[in-house]
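Data block below; observations after.
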Amino acid sequence: MIFTKKHYDRQHVFGLEKGINHFYHGSIVTGGSKSHNYELSSKLKNDPNSMTFVGNFTVIGGKATEDLARKIATKLKGKYLKSELRIFPDGESKITVSGKPKNGKIVVVQSTYPPVDSNLIQALSLVSKARKYSSQVYTVVPYLGYARQDKEFLPGEVITMSLVANMFKAAGATKVIVVDIHSKMALNHFKIPAKNVSAISELVKYFKKLKLKDPLVVSPDLGGIARAREFAKLFGTKFIALRKQRDRKTGSVVIRSANQKQVRGRDMILVDDMISTGGSIVKAAEFLKKQKCRNIYAACTHALLIGDAEKRIRKAGVSKIVSTNTIPRKTAVVDVSPVISKAII
């Protein structure tokens, strides 16, 4: 059998639903050399930008992440359905899916950034509706709210993440995909397959395009060492981590100590998974400025930027904030649809 353009059309690939998995795992090899088939399947699986067929997908985009949902649908060569949202005077959400999904897997895309509870109930509603059409509902929650409440830090605290995980399963989700979740322990609360994907590679691609002077990657705390190390490795530079202490009751942050001999005159890239109120970034930037660094850039996957966080961060000396489109805003200049699409297939 000779592979032609017809066979690359996703309407003709090995029975739609199961075909792509069979092809990837080598269950179906009917023509050409094995090495040629292996190279082709590996390229499609490992490079999301080269995908030409991936299966029969419908992507439903929640209002919180419409642009990202459209990009994912394009990557998957799938059908896109938007959702309409109406908020009643009492605060209730009424959601309508515009159109009917085609047969096959359904991907629901909705971040649960503030207002967290409203976006969460909308995500659950879309999942519930999708399950009426398909037994396979992949739920993509690029930013997953409540992930920081994954254990009891102080006596009496509710582990809300456990409840959220159970609600997604009850709504009908069969798989959950998140991006740079704050704590990977939160994934343990899911009773269905749950996967965390990293946006670091996409962030690094963006920073490589900038003309930085002897860049140094900086983690604002010791908990982000692994993240900073990976960023620095992909970027091809070194990293350091600041030592901070946070009061769990008041939330105030203080940098206790750090060895900053190599900071002077260099561009800094502060790397974190999210920027919420900006307290950690502000303290880190102020500290680094005192060490006579050059420019400071803040890179994060999720830019919540609550209240006047962005203003305070810039005032502290940060030249530019770079984030991904897990949360749509002006700082979201990095697209994570390639890594999400790869995780879906």
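Note on naming: chains are A, B, ... as they come in the structure tokens, residues start from 1 per chain, ligands start from 1 in the order shown.
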Who sits within 10 Å of A:Phe235, only C-alpha atoms, same chain under 3 positions skipped, as a list in words: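 Surrounding residues, per the criterion: Ile200, Ser201, Leu203, Val204, Lys205, Phe207, Lys208, Pro215, Leu216, Val217, Arg229, Glu230, Phe231, Ala232 and Lys238 of chain A.
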Looking only at the backbone, which of the residues in stretch 57-142 of chain A does DSSP tag as alpha helix (DSSP H), as a PyMOL selection string? chain A and resi 66-76+116-131
Quick one: pull the distance between atom CA of A:Asn196 and atom CA of A:Phe153, Å, one decimal. 22.8 Å
State, in Å with one decimal place, the distance from atom CA of A:Ala173 to atom CA of A:Lys151. 22.9 Å
Quick one: distance from atom CA of A:Ser276 to atom CA of A:Ile306 in Å, one decimal?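 Pair atom CA of A:Ser276 / atom CA of A:Ile306 returns 5.6 Å.
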Could you give me, as a list in words, the residues within 12 Å of A:Lys211, counting only C-alpha atoms and dropping anything in the same chain fewer than 5 positions from it?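 With the cut-off at 12 Å, the set is Tyr206, Asp267 and Asn295 of chain A.
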Tell me, as a PyMOL selection string, which residues lie within 12 Å of A:Leu288, counting only C-alpha atoms; anything in the same chain fewer than 2 positions away does not count. chain A and resi 216-220+240-242+255+257-270+281-286+290-297+316-318
I want to know what sits within 12 Å of A:Ala171, based on only C-alpha atoms, with residues of the same chain fewer than 4 positions away left out; could you give that as a ChimeraX atom specification? /A:108,120-132,135,137-139,164-167,175-176,192
Nearby residues (only C-alpha atoms) at most 12 Å from A:Ala194, same-chain spacing under 2 positions excluded, as a VMD selection string: chain A and resid 138 to 141 144 165 168 to 169 173 to 179 181 184 to 192 196 to 197 343 to 344
Between A:Pro193, A:Leu222, A:Gly279, A:Ser83, which one has atoms that come closest to A:Gly307, using only C-alpha atoms? A:Gly279
Can you list, as a VMD selection string, every residue of stretch 62-254 of chain A that DSSP puts in strand (DSSP E)? chain A and resid 79 to 87 93 to 97 105 to 109 137 to 141 175 to 179 194 to 197 216 to 219 239 to 241 243 to 246 253 to 254
Next, write the just-selected residues to a file, as a short mmCIF file (atom, residue, chain, number, x, y, z; two decimals), in the first residue's frame, keeping C-alpha atoms as the atom set.
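Saved result, result_31.cif, follows:
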data_model
loop_
_atom_site.label_atom_id
_atom_site.label_comp_id
_atom_site.auth_asym_id
_atom_site.auth_seq_id
_atom_site.Cartn_x
_atom_site.Cartn_y
_atom_site.Cartn_z
CA LYS A 79 -14.81 21.43 14.46
CA TYR A 80 -15.12 24.48 16.70
CA LEU A 81 -18.28 25.34 18.59
CA LYS A 82 -18.52 28.56 20.55
CA SER A 83 -20.67 29.00 23.62
CA GLU A 84 -23.01 31.86 24.37
CA LEU A 85 -23.19 33.21 27.90
CA ARG A 86 -25.93 35.22 29.57
CA ILE A 87 -25.67 36.45 33.15
CA SER A 93 -25.05 31.87 34.30
CA LYS A 94 -27.04 30.57 31.33
CA ILE A 95 -24.87 28.83 28.75
CA THR A 96 -25.82 27.77 25.23
CA VAL A 97 -23.59 25.77 22.90
CA LYS A 105 -14.21 13.05 21.00
CA ILE A 106 -15.20 16.39 22.46
CA VAL A 107 -12.70 18.83 23.94
CA VAL A 108 -14.04 21.46 26.34
CA VAL A 109 -11.72 24.44 26.92
CA VAL A 137 -14.93 14.35 26.97
CA TYR A 138 -11.47 15.85 27.34
CA THR A 139 -11.60 18.85 29.65
CA VAL A 140 -8.86 21.42 29.15
CA VAL A 141 -8.60 23.82 32.09
CA LYS A 175 -9.76 13.26 31.08
CA VAL A 176 -8.47 16.58 32.41
CA ILE A 177 -5.55 18.57 31.02
CA VAL A 178 -4.10 21.58 32.85
CA VAL A 179 -1.14 23.87 32.20
CA ALA A 194 -5.33 14.11 34.68
CA LYS A 195 -2.28 15.54 32.97
CA ASN A 196 -0.22 18.66 33.57
CA VAL A 197 1.62 20.17 30.60
CA LEU A 216 20.18 35.15 34.12
CA VAL A 217 17.06 33.17 35.05
CA VAL A 218 15.78 33.84 38.56
CA SER A 219 13.25 31.95 40.65
CA PHE A 239 19.80 30.32 37.04
CA ILE A 240 19.59 31.31 40.69
CA ALA A 241 16.81 31.07 43.28
CA ARG A 243 15.05 32.60 49.42
CA LYS A 244 11.78 34.09 50.59
CA GLN A 245 9.46 33.55 53.52
CA ARG A 246 5.69 34.02 53.34
CA VAL A 253 6.63 38.12 51.73
CA VAL A 254 10.20 38.81 52.86
#
